[in-house]
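Enquirer: Next comes query.txt, compact mmCIF, C-alpha atoms:
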```
# COMPACT_ATOMS: atom_id res chain seq x y z
CA MET R 131 11.19 -4.84 -3.79
CA GLN R 132 8.49 -4.75 -6.42
CA GLY R 133 7.09 -2.86 -9.37
CA GLY R 134 8.72 -1.82 -12.62
CA GLY R 135 9.33 -5.44 -13.55
CA ILE R 136 11.20 -6.20 -10.32
CA GLU R 137 10.12 -8.93 -7.92
CA LEU R 138 12.71 -9.48 -5.18
CA SER R 139 12.31 -10.38 -1.54
CA GLU R 140 14.26 -11.16 1.60
CA ALA R 141 12.43 -13.33 4.11
CA TRP R 142 12.96 -13.98 7.77
CA ALA R 143 11.40 -16.72 9.84
CA ALA R 144 13.66 -16.78 12.85
CA ALA R 145 12.36 -17.28 16.37
CA GLN R 146 13.68 -13.87 17.32
CA PRO R 147 12.20 -10.81 15.63
CA PRO R 148 14.65 -9.11 13.28
CA SER R 149 16.64 -6.30 14.83
CA ALA R 150 17.13 -2.89 13.23
CA ALA R 151 20.56 -3.95 12.04
CA GLU R 152 19.17 -7.10 10.47
CA ALA R 153 16.38 -5.16 8.79
CA ARG R 154 18.88 -2.63 7.44
CA ALA R 155 20.98 -5.52 6.15
CA MET R 156 17.96 -7.04 4.40
CA ILE R 157 17.18 -3.73 2.72
CA ALA R 158 20.83 -3.38 1.68
CA ARG R 159 20.86 -6.90 0.22
CA LEU R 160 17.74 -6.12 -1.78
CA MET R 161 19.32 -2.95 -3.11
CA ASP R 162 22.46 -4.86 -4.07
CA ARG R 163 20.41 -7.29 -6.14
CA LEU R 164 18.89 -4.50 -8.25
CA PRO R 165 20.20 -3.33 -11.61
CA ALA R 166 22.03 0.00 -11.26
CA ARG R 167 19.18 2.09 -12.71
CA GLU R 168 16.59 0.53 -10.43
CA ARG R 169 18.91 1.00 -7.45
CA ARG R 170 19.16 4.72 -8.22
CA LEU R 171 15.39 5.04 -8.61
CA ARG R 172 14.77 3.32 -5.28
CA ALA R 173 17.50 4.95 -3.17
CA VAL R 174 15.08 7.28 -1.39
CA ILE R 175 12.54 4.58 -0.53
CA ALA R 176 15.29 2.37 0.88
CA VAL R 177 16.15 5.19 3.28
CA ARG R 178 12.50 5.71 4.16
CA ALA R 179 12.04 2.01 4.84
CA ALA R 180 15.08 1.98 7.14
CA GLU R 181 13.68 5.04 8.94
CA PHE R 182 10.40 3.20 9.44
CA VAL R 183 12.23 0.29 11.06
CA GLU R 184 14.06 2.68 13.40
CA HIS R 185 10.78 4.33 14.27
CA CYS R 186 9.22 0.97 15.08
CA ILE R 187 12.10 0.10 17.37
CA ARG R 188 11.74 3.38 19.25
CA ARG R 189 8.08 2.54 19.91
CA GLY R 190 8.74 -1.06 20.94
CA GLY R 191 8.16 -2.92 17.66
CA VAL R 192 5.17 -3.65 15.46
CA GLU R 193 2.60 -6.43 15.77
CA ALA R 194 1.49 -8.54 12.81
CA GLN R 195 -0.08 -8.17 10.43
CA VAL R 196 1.54 -5.26 8.67
CA ILE R 197 2.19 -4.56 5.01
CA ARG R 198 3.72 -1.16 4.51
CA SER R 199 4.54 0.20 1.06
CA PHE R 200 7.31 2.69 0.31
CA LYS R 201 6.71 3.86 -3.22
CA VAL R 202 8.91 5.84 -5.60
CA ASP R 203 7.44 9.33 -5.75
CA GLY R 204 5.48 9.99 -8.93
CA ASP R 205 6.23 6.60 -10.46
CA ARG R 206 3.41 5.04 -12.49
CA LYS R 207 4.98 1.58 -12.46
CA ALA R 208 4.50 1.21 -8.71
CA ARG R 209 8.21 0.78 -7.98
CA ARG R 210 8.25 0.18 -4.28
CA LEU R 211 9.63 -1.55 -1.27
CA ASP R 212 7.08 -3.40 0.86
CA ILE R 213 7.83 -4.34 4.46
CA GLU R 214 5.61 -7.22 5.58
CA VAL R 215 5.17 -8.66 9.07
CA HIS R 216 2.90 -11.70 8.92
CA ALA R 217 3.29 -13.18 12.38
CA GLY R 218 4.46 -12.17 15.84
CA LYS R 219 6.27 -8.96 16.52
CA ALA R 220 9.09 -7.37 14.57
CA PHE R 221 11.67 -4.62 14.98
CA THR R 222 11.88 -4.74 18.75
CA SER R 223 15.60 -4.02 19.19
CA MET V 211 2.20 13.71 -18.33
CA LYS V 212 -0.60 15.71 -16.77
CA ILE V 213 0.47 18.28 -14.21
CA GLU V 214 -2.43 19.84 -12.37
CA PRO V 215 -2.86 22.18 -9.44
CA ARG V 216 -3.62 20.51 -6.16
CA PRO V 217 -7.25 19.47 -5.90
CA PRO V 218 -8.98 19.56 -2.55
CA ILE V 219 -7.79 16.73 -0.34
CA LEU V 220 -10.48 15.34 1.93
CA PHE V 221 -9.56 14.87 5.59
CA ALA V 222 -6.12 16.29 4.86
CA ALA V 223 -5.28 16.47 8.57
CA PHE V 224 -5.92 12.77 9.12
CA ARG V 225 -2.41 12.20 10.46
CA GLN V 226 -2.75 14.86 13.13
CA ASP V 227 -6.44 14.58 13.96
CA PRO V 228 -7.84 11.21 15.11
CA ALA V 229 -11.35 12.36 14.19
CA GLU V 230 -10.29 12.99 10.59
CA TYR V 231 -8.48 9.65 10.51
CA ALA V 232 -11.64 7.89 11.69
CA ALA V 233 -13.75 9.79 9.17
CA ALA V 234 -11.46 8.85 6.29
CA GLN V 235 -11.40 5.24 7.43
CA SER V 236 -15.17 5.24 7.67
CA LEU V 237 -15.43 6.59 4.13
CA TRP V 238 -13.35 3.72 2.74
CA GLN V 239 -15.25 1.22 4.85
CA SER V 240 -18.61 2.45 3.59
CA LEU V 241 -17.44 2.37 0.01
CA PHE V 242 -16.13 -1.18 0.40
CA ASP V 243 -19.10 -2.51 2.32
CA GLY V 244 -21.51 -1.14 -0.27
CA ILE V 245 -19.72 -3.13 -2.96
CA ALA V 246 -19.17 -6.29 -0.89
CA ALA V 247 -22.86 -6.39 0.01
CA ARG V 248 -23.57 -7.32 -3.60
CA ARG V 249 -22.00 -10.68 -2.83
CA ALA V 250 -23.50 -11.42 0.53
CA SER V 251 -22.03 -14.92 0.67
CA GLN V 252 -18.51 -13.54 0.86
CA LEU V 253 -17.14 -12.73 4.26
CA TRP V 254 -14.57 -9.94 4.30
CA THR V 255 -12.82 -9.24 7.58
CA ASP V 256 -10.52 -6.49 8.82
CA TRP V 257 -6.91 -7.31 8.21
CA LEU V 258 -3.80 -5.14 8.51
CA ASN V 259 -2.57 -2.82 11.24
CA ASP V 260 -1.58 0.76 10.56
CA PRO V 261 1.17 0.99 13.19
CA LEU V 262 1.97 4.67 12.71
CA ARG V 263 -1.64 5.72 12.10
CA ASP V 264 -0.50 7.51 8.98
CA GLY V 265 -2.75 5.85 6.43
CA ASN V 266 -0.32 3.16 5.23
CA PRO V 267 -2.70 1.35 5.13
CA ILE V 268 -5.82 3.17 6.29
CA PHE V 269 -8.16 0.33 5.36
CA SER V 270 -7.84 -3.34 4.52
CA ARG V 271 -10.08 -6.36 4.27
CA ARG V 272 -9.36 -9.96 3.48
CA ASN V 273 -11.45 -12.88 2.35
CA SER V 274 -10.12 -16.29 3.35
CA ALA V 275 -12.40 -18.23 1.02
CA ARG V 276 -11.28 -16.23 -2.00
CA ARG V 277 -7.73 -15.91 -0.65
CA SER V 278 -7.96 -12.26 -1.63
CA ALA V 279 -7.55 -8.90 0.02
CA VAL V 280 -8.06 -5.22 -0.65
CA VAL V 281 -5.66 -2.68 0.83
CA ILE V 282 -6.05 1.10 0.72
CA ASN V 283 -3.09 3.38 1.42
CA GLN V 284 -4.08 6.99 1.90
CA TRP V 285 -1.23 9.33 1.08
CA LEU V 286 -0.68 13.07 1.03
CA PRO V 287 0.82 15.16 -1.75
CA ASP V 288 4.17 15.31 0.03
CA ASP V 289 4.32 11.50 -0.07
CA ASP V 290 3.67 11.12 -3.77
CA ALA V 291 2.97 13.52 -6.63
CA LEU V 292 0.92 10.86 -8.38
CA MET V 293 -2.60 11.20 -7.09
CA PHE V 294 -3.77 7.70 -7.80
CA GLN V 295 -1.89 4.46 -7.97
CA ALA V 296 -3.10 0.86 -7.90
CA TRP V 297 -1.45 -2.49 -8.33
CA MET V 298 -2.09 -6.18 -7.89
CA LYS V 299 0.20 -7.99 -5.52
CA LYS V 300 0.83 -11.71 -5.18
CA GLY V 301 2.02 -13.31 -2.02
CA GLY V 302 0.92 -13.18 1.55
CA ASP V 303 1.36 -15.99 3.99
CA ALA V 304 -0.21 -19.18 5.21
CA GLY V 305 -1.60 -17.52 8.32
CA SER V 306 -3.82 -15.03 6.56
CA GLY V 307 -4.59 -17.28 3.61
CA VAL V 308 -4.24 -14.31 1.29
CA THR V 309 -2.44 -15.00 -1.98
CA ALA V 310 -3.49 -11.98 -4.03
CA MET V 311 -4.48 -8.45 -3.21
CA LEU V 312 -5.61 -5.25 -4.82
CA VAL V 313 -3.65 -2.31 -3.43
CA VAL V 314 -4.86 1.25 -3.99
CA SER V 315 -2.59 4.09 -2.93
CA CYS V 316 -3.98 7.55 -3.40
CA HIS V 317 -4.69 11.03 -2.17
CA LEU V 318 -8.22 11.18 -0.83
CA THR V 319 -9.94 13.24 -3.52
CA PRO V 320 -13.30 12.81 -5.23
CA GLY V 321 -11.54 11.58 -8.36
CA SER V 322 -9.52 9.00 -6.46
CA ILE V 323 -12.60 7.72 -4.69
CA ILE V 324 -14.31 7.12 -8.04
CA ALA V 325 -11.24 5.39 -9.49
CA ALA V 326 -10.86 3.21 -6.39
CA GLN V 327 -14.54 2.35 -6.43
CA ARG V 328 -14.30 1.10 -10.02
CA LEU V 329 -11.39 -1.18 -9.16
CA ILE V 330 -12.96 -2.53 -5.98
CA GLU V 331 -16.19 -3.19 -7.85
CA ALA V 332 -14.30 -5.13 -10.50
CA TYR V 333 -12.33 -7.18 -7.97
CA VAL V 334 -14.78 -7.66 -5.11
CA GLY V 335 -18.12 -7.17 -6.79
CA ASP V 336 -17.50 -8.74 -10.20
CA GLY V 337 -14.80 -11.21 -9.15
CA ARG V 338 -12.43 -10.28 -11.98
CA SER V 339 -9.27 -12.38 -12.33
CA PHE V 340 -5.81 -11.29 -11.22
CA ALA V 341 -4.73 -10.74 -14.82
CA ALA V 342 -7.81 -8.71 -15.65
CA MET V 343 -7.23 -6.59 -12.57
CA VAL V 344 -3.62 -5.94 -13.56
CA ASP V 345 -4.92 -4.47 -16.82
CA LEU V 346 -7.54 -2.37 -15.06
CA CYS V 347 -4.98 -1.04 -12.57
CA THR V 348 -2.59 -0.15 -15.40
CA LYS V 349 -5.33 1.76 -17.19
CA ALA V 350 -6.42 3.56 -14.04
CA VAL V 351 -2.88 4.70 -13.28
CA ARG V 352 -1.97 5.65 -16.84
CA ASP V 353 -4.23 8.69 -16.80
CA ALA V 354 -3.90 9.56 -13.13
CA PRO V 355 -2.96 13.20 -12.65
CA LYS V 356 0.24 14.38 -11.03
CA ILE V 357 0.42 17.46 -8.90
CA ARG V 358 3.10 20.11 -8.62
CA LYS V 359 5.04 19.99 -5.39
```
Will you turn the file into structure tokens for me?
Expert:
Amino acid sequence: MQGGGIELSEAWAAAQPPSAAEARAMIARLMDRLPARERRLRAVIAVRAAEFVEHCIRRGGVEAQVIRSFKVDGDRKARRLDIEVHAGKAFTS
Amino acid sequence: MKIEPRPPILFAAFRQDPAEYAAAQSLWQSLFDGIAARRASQLWTDWLNDPLRDGNPIFSRRNSARRSAVVINQWLPDDDALMFQAWMKKGGDAGSGVTAMLVVSCHLTPGSIIAAQRLIEAYVGDGRSFAAMVDLCTKAVRDAPKIRK
């Protein structure tokens, strides 16, 4: 979760790729760590990021390397949620 | 805040038409290669996947020696009313060697191409620092037009 003075992340480095449930949980944890105003501003992109994960699972996962940005519509401070896959395959189940 | 009517979007069907996707990708590649050629000693290689082929990102290159990357996200008006956005991002991972990147996210319009070109020239061609690029990105975005949805 970045932009607008926010710099928060949730990392995974497990042997198994994160599942959809784990990815949703990571997004939820990030949202919980935000101040209330930032959480409101980023509610839509959190949903879009979760939808992306679901989409990846339906197509069998995504191969590294991926950096995908979900940005708050119209925001000049680049408030966003970035999903990054640096190695292996993610979102397979 | 500037609200303007929608300008012409180049290759607006890039998500439905593979030929338009390839043409848009080629445009970004040509723009980048023209700038990178000024520093022939630097080797920039293709980097990120676009798993959904929706332009997020449509083009990316990384340079292991500089530990830098450039990422272009090509969006449509329904994605974002702001026509041009750019930011500097720290991070990356040991595998890619990238620790800093310039990210441009924009609608593909003539104005966005010019704005992106200026930033890529500053970062890739002139080798501006991270801090200097943050300032340039902020300035580029400050005056970027928004469209009505």
Enquirer: Pick out the closest residue to chain R from this set: V:Phe269, V:Trp254, V:Trp297, V:Tyr231. Count all atoms listed in the file.
Expert: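 Of the candidates, the smallest distance to chain R is held by V:Trp297.
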Enquirer: Could you please give me, as a list in words, the residues of protein, DNA or RNA lying at most 12 Å from (18.0, 5.7, 6.1) in the coordinate frame of the file, considering all atoms listed in the file?
Expert: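 Output: Ala150, Ala151, Ala153, Arg154, Ala155, Ile157, Ala158, Ala173, Val174, Ile175, Ala176, Val177, Arg178, Ala179, Ala180, Glu181, Phe182, Val183, Glu184 and His185 of chain R.
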Enquirer: Using all atoms listed in the file, determine which residues of chain V fall within 6 Å of chain R; present them as a list in words.
Expert: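 In the required form, that comes to Leu258, Asn259, Asn266, Asp290, Ala291 and Leu292 of chain V.
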Enquirer: Which of these, R:Ile187, R:Asp162, R:Asp212, R:Gly218, has the shortest distance to Ser149 in chain R once you count all atoms listed in the file?
Expert: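 Residue with the minimum atom-to-atom distance to Ser149 in chain R: R:Ile187.
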Enquirer: Which residues come within 9 Å of range 282-288 of chain V, counting only C-alpha atoms, excluding same-chain residues fewer than 2 positions away, as an MDAnalysis selection string?
Expert: (chainID R and resid 198:199 203) or (chainID V and resid 216 219 222 234 238 264:270 280 290:293 312:318 326 357:359)
Enquirer: Please rebuild range 260-271 of chain V with N, CA, C and O atoms and give the result as a PDB file, keeping the file's coordinate frame.
Expert:
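Output below, filename rebuild_1.pdb:
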```pdb
ATOM      1  N   ASP V 260      -2.233  -0.458  11.030  1.00  0.00           N
ATOM      2  CA  ASP V 260      -1.580   0.760  10.560  1.00  0.00           C
ATOM      3  C   ASP V 260      -0.764   1.280  11.746  1.00  0.00           C
ATOM      4  O   ASP V 260      -1.234   2.129  12.505  1.00  0.00           O
ATOM      5  N   PRO V 261       0.450   0.745  11.936  1.00  0.00           N
ATOM      6  CA  PRO V 261       1.170   0.990  13.190  1.00  0.00           C
ATOM      7  C   PRO V 261       1.459   2.452  13.490  1.00  0.00           C
ATOM      8  O   PRO V 261       1.488   2.848  14.648  1.00  0.00           O
ATOM      9  N   LEU V 262       1.660   3.254  12.468  1.00  0.00           N
ATOM     10  CA  LEU V 262       1.970   4.670  12.710  1.00  0.00           C
ATOM     11  C   LEU V 262       0.738   5.554  12.574  1.00  0.00           C
ATOM     12  O   LEU V 262       0.837   6.769  12.715  1.00  0.00           O
ATOM     13  N   ARG V 263      -0.398   4.954  12.308  1.00  0.00           N
ATOM     14  CA  ARG V 263      -1.640   5.720  12.100  1.00  0.00           C
ATOM     15  C   ARG V 263      -1.421   6.839  11.086  1.00  0.00           C
ATOM     16  O   ARG V 263      -1.849   7.975  11.283  1.00  0.00           O
ATOM     17  N   ASP V 264      -0.761   6.505  10.013  1.00  0.00           N
ATOM     18  CA  ASP V 264      -0.500   7.510   8.980  1.00  0.00           C
ATOM     19  C   ASP V 264      -1.127   7.153   7.635  1.00  0.00           C
ATOM     20  O   ASP V 264      -0.782   7.725   6.605  1.00  0.00           O
ATOM     21  N   GLY V 265      -2.022   6.162   7.659  1.00  0.00           N
ATOM     22  CA  GLY V 265      -2.750   5.850   6.430  1.00  0.00           C
ATOM     23  C   GLY V 265      -2.101   4.798   5.550  1.00  0.00           C
ATOM     24  O   GLY V 265      -2.560   4.563   4.441  1.00  0.00           O
ATOM     25  N   ASN V 266      -1.072   4.133   6.039  1.00  0.00           N
ATOM     26  CA  ASN V 266      -0.320   3.160   5.230  1.00  0.00           C
ATOM     27  C   ASN V 266      -0.338   1.797   5.917  1.00  0.00           C
ATOM     28  O   ASN V 266       0.641   1.419   6.553  1.00  0.00           O
ATOM     29  N   PRO V 267      -1.471   1.054   5.866  1.00  0.00           N
ATOM     30  CA  PRO V 267      -2.700   1.350   5.130  1.00  0.00           C
ATOM     31  C   PRO V 267      -3.784   1.918   6.070  1.00  0.00           C
ATOM     32  O   PRO V 267      -3.782   1.652   7.267  1.00  0.00           O
ATOM     33  N   ILE V 268      -4.729   2.627   5.478  1.00  0.00           N
ATOM     34  CA  ILE V 268      -5.820   3.170   6.290  1.00  0.00           C
ATOM     35  C   ILE V 268      -6.987   2.196   6.363  1.00  0.00           C
ATOM     36  O   ILE V 268      -7.799   2.253   7.280  1.00  0.00           O
ATOM     37  N   PHE V 269      -7.042   1.278   5.400  1.00  0.00           N
ATOM     38  CA  PHE V 269      -8.160   0.330   5.360  1.00  0.00           C
ATOM     39  C   PHE V 269      -7.711  -0.948   4.662  1.00  0.00           C
ATOM     40  O   PHE V 269      -6.986  -0.894   3.666  1.00  0.00           O
ATOM     41  N   SER V 270      -8.128  -2.067   5.207  1.00  0.00           N
ATOM     42  CA  SER V 270      -7.840  -3.340   4.520  1.00  0.00           C
ATOM     43  C   SER V 270      -8.848  -4.381   4.940  1.00  0.00           C
ATOM     44  O   SER V 270      -9.317  -4.385   6.076  1.00  0.00           O
ATOM     45  N   ARG V 271      -9.185  -5.237   4.001  1.00  0.00           N
ATOM     46  CA  ARG V 271     -10.080  -6.360   4.270  1.00  0.00           C
ATOM     47  C   ARG V 271      -9.543  -7.580   3.530  1.00  0.00           C
ATOM     48  O   ARG V 271      -8.958  -7.448   2.454  1.00  0.00           O
TER      49      ARG V 271
END
```
